[in-house]
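This is entry25.cif (mmCIF, C-alpha atoms).
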```
data_upload
#
loop_
_atom_site.label_atom_id
_atom_site.label_comp_id
_atom_site.auth_asym_id
_atom_site.auth_seq_id
_atom_site.Cartn_x
_atom_site.Cartn_y
_atom_site.Cartn_z
CA MET A 26 66.96 -107.20 56.30
CA ASN A 27 63.26 -108.06 56.20
CA PRO A 28 60.65 -106.26 58.35
CA ARG A 29 60.23 -109.25 60.65
CA ASP A 30 63.90 -109.24 61.58
CA HIS A 31 63.71 -105.51 62.17
CA ASP A 32 60.84 -105.85 64.60
CA HIS A 33 62.64 -108.62 66.36
CA ASP A 34 65.77 -106.54 66.78
CA GLU A 35 63.80 -103.56 68.02
CA ALA A 36 62.12 -105.72 70.64
CA ARG A 37 65.50 -107.02 71.78
CA LEU A 38 66.88 -103.54 71.93
CA LYS A 39 63.95 -102.34 74.00
CA THR A 40 64.35 -105.27 76.36
CA ALA A 41 68.09 -104.61 76.71
CA LEU A 42 67.52 -100.90 77.33
CA ALA A 43 64.85 -101.58 79.93
CA GLY A 44 67.14 -104.08 81.63
CA ALA A 45 70.02 -101.62 81.63
CA LEU A 46 67.83 -98.87 83.10
CA GLN A 47 66.58 -101.19 85.80
CA ALA A 48 70.16 -102.23 86.60
CA ARG A 49 71.16 -98.55 86.83
CA ASP A 50 68.27 -97.77 89.13
CA ARG A 51 69.26 -100.63 91.33
CA ALA A 52 72.89 -99.55 91.40
CA LEU A 53 72.22 -95.82 91.94
CA ARG A 54 69.85 -94.65 94.60
CA ALA A 55 67.47 -91.97 93.59
CA PRO A 56 68.66 -88.56 94.76
CA ALA A 57 67.02 -87.48 97.99
CA PHE A 58 65.57 -84.23 96.69
CA HIS A 59 63.44 -83.89 99.76
CA ARG A 60 66.62 -83.59 101.78
CA LEU A 61 68.54 -81.36 99.38
CA TRP A 62 65.70 -78.89 98.95
CA PRO A 63 63.22 -79.58 101.68
CA GLY A 64 59.84 -77.99 101.78
CA GLU A 65 58.74 -75.67 104.52
CA ASP A 66 57.20 -78.49 106.50
CA ALA A 67 60.13 -80.86 105.98
CA ARG A 68 62.81 -78.49 107.38
CA ALA A 69 64.20 -79.25 110.82
CA PRO A 70 62.75 -76.89 113.40
CA GLY A 71 65.29 -74.25 114.54
CA ALA A 72 67.74 -74.89 111.70
CA GLY A 73 66.15 -72.44 109.30
CA TRP A 74 68.25 -69.48 110.49
CA LEU A 75 71.55 -71.33 110.15
CA ARG A 76 72.17 -70.87 106.44
CA PRO A 77 71.32 -67.12 106.24
CA ALA A 78 73.23 -66.51 109.43
CA PHE A 79 76.27 -68.24 108.00
CA ALA A 80 75.95 -66.27 104.77
CA SER A 81 75.57 -62.98 106.68
CA ALA A 82 78.57 -63.79 108.84
CA ALA A 83 80.65 -64.55 105.77
CA VAL A 84 79.60 -61.29 104.09
CA LEU A 85 80.36 -59.34 107.26
CA ALA A 86 83.75 -60.99 107.59
CA VAL A 87 84.63 -60.09 104.01
CA ALA A 88 83.44 -56.50 104.54
CA ALA A 89 85.45 -56.22 107.76
CA ALA A 90 88.55 -57.59 106.06
CA LEU A 91 88.20 -55.08 103.21
CA ALA A 92 87.61 -52.20 105.64
CA TRP A 93 90.60 -53.20 107.75
CA THR A 94 92.78 -53.54 104.67
CA TYR A 95 91.94 -50.17 103.14
CA LEU A 96 90.75 -47.95 105.99
CA GLY A 97 93.16 -49.45 108.51
CA ARG A 98 96.10 -48.87 106.23
CA HIS A 99 94.99 -45.30 105.62
CA GLU A 100 94.59 -44.64 109.34
CA ASP A 101 97.97 -46.21 110.00
CA GLY A 102 99.58 -43.90 107.46
CA ALA A 103 97.85 -40.86 108.93
CA ALA A 104 98.87 -41.87 112.44
CA ARG A 105 102.46 -42.27 111.28
CA ALA A 106 102.39 -38.81 109.68
CA VAL A 107 101.03 -37.26 112.87
CA ASP A 108 103.59 -39.15 114.93
CA LEU A 109 106.43 -38.00 112.67
CA ARG A 110 105.22 -34.40 112.93
CA ALA A 111 105.03 -34.66 116.71
CA THR A 112 108.49 -36.23 116.87
CA THR A 113 109.93 -33.49 114.67
CA GLU A 114 108.40 -30.82 116.89
CA LEU A 115 109.75 -32.55 119.98
CA ALA A 116 113.18 -32.89 118.40
CA ARG A 117 113.22 -29.16 117.64
CA GLU A 118 112.23 -28.38 121.19
CA LEU A 119 114.86 -30.66 122.70
CA SER A 120 117.58 -29.40 120.35
CA ALA A 121 117.12 -25.76 121.35
CA PRO A 122 119.92 -24.60 123.66
CA GLY A 123 117.42 -22.73 125.83
CA TYR A 124 115.75 -26.00 126.76
CA TRP A 125 118.88 -27.21 128.52
CA ARG A 126 119.85 -23.96 130.21
CA VAL A 127 120.30 -24.22 133.97
CA PRO A 128 120.62 -21.47 136.60
CA SER A 129 124.40 -21.80 136.93
CA ASP A 130 124.79 -20.92 133.23
CA GLU A 131 123.99 -17.37 134.32
CA LEU A 132 127.02 -17.33 136.63
CA LEU A 133 129.11 -16.51 133.59
CA ALA A 134 127.11 -13.35 132.96
CA PHE A 135 128.79 -11.26 135.66
CA ALA A 136 130.95 -9.25 133.25
CA ALA A 137 130.32 -5.52 133.46
CA PRO A 138 128.23 -4.14 130.62
CA PRO A 139 130.17 -2.29 127.89
CA LEU A 140 130.75 1.43 128.41
CA SER A 141 128.27 3.60 126.62
CA ALA A 142 130.65 6.59 126.18
CA GLU A 143 130.47 8.21 122.76
CA LEU A 144 133.63 7.96 120.69
CA PRO A 145 134.66 10.88 118.45
CA VAL A 146 133.67 10.55 114.81
CA ALA A 147 136.63 10.36 112.42
CA GLU A 148 135.35 13.27 110.25
CA GLY A 149 135.01 15.64 113.20
CA PHE A 150 138.31 14.62 114.68
CA ASP A 151 140.19 17.41 112.94
CA VAL A 152 142.72 18.59 115.49
CA SER A 153 146.19 19.78 114.58
CA LEU A 154 149.28 18.38 116.24
CA GLU A 155 149.87 21.70 118.02
CA GLU A 156 146.33 21.76 119.37
CA SER A 157 146.57 18.21 120.61
CA LEU A 158 149.70 19.05 122.56
CA LEU A 159 148.03 21.95 124.34
CA MET B 24 171.76 -3.79 118.53
CA LYS B 25 169.30 -1.40 116.92
CA ARG B 26 168.58 -4.02 114.29
CA LEU B 27 167.80 -6.60 116.96
CA ASP B 28 165.44 -4.13 118.63
CA MET B 29 163.63 -3.61 115.36
CA ILE B 30 163.26 -7.39 114.82
CA ALA B 31 161.98 -7.82 118.38
CA ALA B 32 159.48 -4.98 117.92
CA GLY B 33 158.32 -6.54 114.63
CA LEU B 34 157.84 -9.94 116.25
CA LEU B 35 155.88 -8.35 119.11
CA CYS B 36 153.62 -6.55 116.65
CA ALA B 37 153.05 -9.77 114.73
CA MET B 38 152.20 -11.63 117.93
CA LEU B 39 149.77 -8.93 119.01
CA ALA B 40 148.14 -8.98 115.60
CA LEU B 41 147.77 -12.75 115.59
CA ALA B 42 146.68 -13.10 119.23
CA PRO B 43 142.93 -12.39 118.75
CA ALA B 44 142.69 -14.89 115.88
CA ALA B 45 144.47 -17.55 117.92
CA ARG B 46 142.22 -16.87 120.90
CA ALA B 47 139.15 -17.12 118.69
CA ASP B 48 140.30 -20.48 117.28
CA GLY B 49 141.00 -21.77 120.77
CA ALA B 50 137.57 -20.69 122.01
CA GLU B 51 135.88 -22.34 119.05
CA SER B 52 137.58 -25.67 119.60
CA LYS B 53 136.82 -25.51 123.33
CA ASP B 54 133.12 -24.87 122.73
CA ASP B 55 132.80 -27.37 119.90
CA TRP B 56 134.13 -30.41 121.76
CA ILE B 57 130.82 -32.16 121.11
CA LYS B 58 130.23 -30.92 117.57
CA GLY B 59 130.48 -33.65 114.96
CA ARG B 60 130.55 -36.37 117.61
CA LEU B 61 127.02 -36.27 118.98
CA PHE B 62 124.05 -34.97 117.04
CA GLY B 63 120.93 -33.14 118.07
CA PRO B 64 117.68 -34.90 117.27
CA GLU B 65 116.56 -32.00 115.10
CA LEU B 66 119.57 -32.40 112.81
CA ILE B 67 118.82 -36.11 112.49
CA LEU B 68 115.16 -35.59 111.66
CA GLN B 69 115.97 -32.79 109.23
CA ASN B 70 118.17 -35.24 107.33
CA ARG B 71 115.93 -38.27 107.75
CA LYS B 72 115.47 -38.74 104.00
CA GLU B 73 119.19 -38.56 103.26
CA LEU B 74 119.89 -40.86 106.22
CA LYS B 75 117.14 -43.24 105.05
CA LEU B 76 115.92 -43.68 108.59
CA THR B 77 113.90 -46.86 108.96
CA PRO B 78 110.50 -46.83 110.70
CA LYS B 79 112.11 -48.74 113.57
CA GLN B 80 114.83 -46.09 113.96
CA LEU B 81 112.22 -43.33 113.87
CA GLU B 82 110.24 -45.19 116.49
CA LEU B 83 113.32 -45.60 118.69
CA ILE B 84 114.26 -41.93 118.41
CA GLY B 85 110.68 -40.82 119.04
CA ALA B 86 110.41 -43.01 122.13
CA GLU B 87 113.72 -41.66 123.45
CA LEU B 88 112.63 -38.05 122.93
CA LYS B 89 109.35 -38.66 124.75
CA ARG B 90 111.18 -40.31 127.64
CA VAL B 91 113.66 -37.44 127.87
CA GLN B 92 110.92 -34.81 127.70
CA ALA B 93 109.07 -36.42 130.59
CA GLN B 94 112.21 -36.72 132.72
CA ALA B 95 113.38 -33.22 131.84
CA ALA B 96 110.08 -31.85 133.10
CA GLU B 97 110.62 -33.66 136.39
CA SER B 98 114.18 -32.39 136.77
CA ASP B 99 113.00 -28.86 135.87
CA TRP B 100 110.56 -28.96 138.76
CA ALA B 101 113.27 -30.14 141.17
CA LEU B 102 115.66 -27.53 139.83
CA MET B 103 113.14 -24.71 140.12
CA ASN B 104 112.39 -25.71 143.69
CA GLU B 105 116.07 -25.82 144.72
CA ALA B 106 116.89 -22.60 142.83
CA SER B 107 114.06 -20.66 144.47
CA GLN B 108 115.21 -21.81 147.93
CA LEU B 109 118.74 -20.71 147.07
CA GLN B 110 117.45 -17.35 145.89
CA GLU B 111 115.74 -16.78 149.22
CA LEU B 112 119.00 -17.54 151.04
CA ILE B 113 121.00 -15.20 148.79
CA ASP B 114 118.45 -12.40 149.25
CA GLN B 115 119.15 -12.26 152.99
CA HIS B 116 121.78 -9.91 154.38
CA PRO B 117 124.20 -10.95 155.72
CA VAL B 118 124.15 -14.07 153.64
CA ASP B 119 124.47 -17.38 155.49
CA GLY B 120 127.45 -18.78 153.62
CA LYS B 121 127.11 -22.38 154.82
CA ALA B 122 123.41 -22.56 154.04
CA VAL B 123 124.01 -21.00 150.62
CA MET B 124 126.77 -23.48 149.76
CA ALA B 125 124.54 -26.40 150.81
CA GLY B 126 121.81 -24.95 148.60
CA VAL B 127 124.29 -24.52 145.76
CA ASP B 128 125.20 -28.21 146.07
CA ARG B 129 121.56 -29.17 145.78
CA VAL B 130 121.08 -26.89 142.76
CA PHE B 131 124.19 -28.29 141.08
CA ASP B 132 122.96 -31.84 141.73
CA ALA B 133 119.65 -31.03 140.05
CA GLU B 134 121.51 -29.32 137.19
CA ASN B 135 123.77 -32.34 136.80
CA ARG B 136 120.78 -34.61 136.50
CA LYS B 137 119.38 -32.43 133.72
CA LYS B 138 122.69 -32.16 131.85
CA LYS B 139 123.20 -35.91 132.18
CA LEU B 140 119.76 -36.44 130.72
CA PHE B 141 120.78 -34.29 127.76
CA MET B 142 123.94 -36.32 127.20
CA GLU B 143 122.01 -39.56 127.63
CA MET B 144 119.59 -38.45 124.93
CA LEU B 145 122.40 -37.57 122.51
CA VAL B 146 124.14 -40.89 123.13
CA ASN B 147 120.99 -43.00 122.80
CA VAL B 148 119.96 -41.21 119.62
CA LYS B 149 123.43 -41.77 118.15
CA ASN B 150 123.29 -45.45 119.10
CA ALA B 151 120.05 -45.80 117.13
CA LEU B 152 121.98 -44.95 113.94
CA THR B 153 124.21 -47.05 111.72
CA PRO B 154 127.93 -46.15 111.25
CA GLU B 155 127.12 -44.90 107.73
CA GLN B 156 124.42 -42.60 109.04
CA VAL B 157 126.78 -41.27 111.70
CA ALA B 158 129.42 -40.61 109.03
CA TYR B 159 126.87 -38.68 106.98
CA LEU B 160 125.83 -36.59 109.98
CA LYS B 161 129.48 -35.82 110.74
CA SER B 162 129.92 -34.47 107.22
CA VAL B 163 126.75 -32.39 107.56
CA ASP B 164 127.51 -31.08 111.04
CA ARG B 165 131.07 -30.08 110.21
CA ALA B 166 130.13 -28.36 106.98
CA PRO B 167 130.77 -24.60 107.17
#
```
Show this structure as structure tokens.
Amino acid sequence: MNPRDHDHDEARLKTALAGALQARDRALRAPAFHRLWPGEDARAPGAGWLRPAFASAAVLAVAAALAWTYLGRHEDGAARAVDLRATTELARELSAPGYWRVPSDELLAFAAPPLSAELPVAEGFDVSLEESLL
Amino acid sequence: MKRLDMIAAGLLCAMLALAPAARADGAESKDDWIKGRLFGPELILQNRKELKLTPKQLELIGAELKRVQAQAAESDWALMNEASQLQELIDQHPVDGKAVMAGVDRVFDAENRKKKLFMEMLVNVKNALTPEQVAYLKSVDRAP
């Protein structure tokens, strides 16, 4: 390949590349950077708070979900423990016979009290048959 | 004849010796007509791990106990009121028999309501359990 052919090919290549780039630019529109990342003056009035507000709301929602998941579950467990303790206490109270006593139960308590007379002790009870007959 | 007398005396002695034991057994069975058939809530909660009570069963039993406690308090008030009126009538001398018997009826009605509440509680608590749980409680309640 002589130098003249080389120059000729390079010129053709440049022309082809330029043509291809022009065709690409025609086919693809230039990205609207001014819309994607607008400057202070280009932003729509009143819409500036929307993005941070959305981000804050999302963060708050995530925090609330985490708190509900962990703290809520803990509180639920504690409440159940308290409820079980209260139920156990109540069950004990309601199972006691005294709780269900009624006045007529006392009607059965009319038996005379036992005699309080002292009985002789076996050791001191040393009486002969003759003495007992007297 | 003498031999027959001796046998009769022996039988009598045996009967007298066995009588207190028989009476005690009879009294026990009379008083325990409910034992092993219905179960106090305390016994159930004491054995909740062995019974594997579900949270729903615990909730049901707890709700029943709270309901019974509230109603028992109401019936206690009614009972106390009727009983104090009856006491006033009995304190008089001579006692007005008709008035006392009417008061007794009112007291017994209030007592019946309370005793029925007790039975209702035992039945509802038993109905919250499965047959297997009831069988376990029977074995526990009848254990010496």
Using all atoms listed in the file, determine which residues of chain A fall within 10 Å of chain B; present them as a PyMOL selection string.
-> chain A and resi 105+108-109+111-121+124-130
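Counting from atom CA of His33 of chain A, the distance to atom CA of Asp50 of chain A is 25.8 Å.
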Could you tell me which residues the PyMOL selection byres ((chain B and resi 162) around 12) returns for this structure, as a ChimeraX atom specification?
-> /B:58-60,62,66,70,74,155-161,163-167
Which value, in Å to one decimal, gives the distance between atom CA of Trp100 of chain B and atom CA of Asp132 of chain B?
-> 13.1 Å
Could you state the separation of atom CA of Gly126 of chain B and atom CA of Glu131 of chain A in Å, given to one decimal place?
->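 Distance between the two atoms: 16.3 Å.
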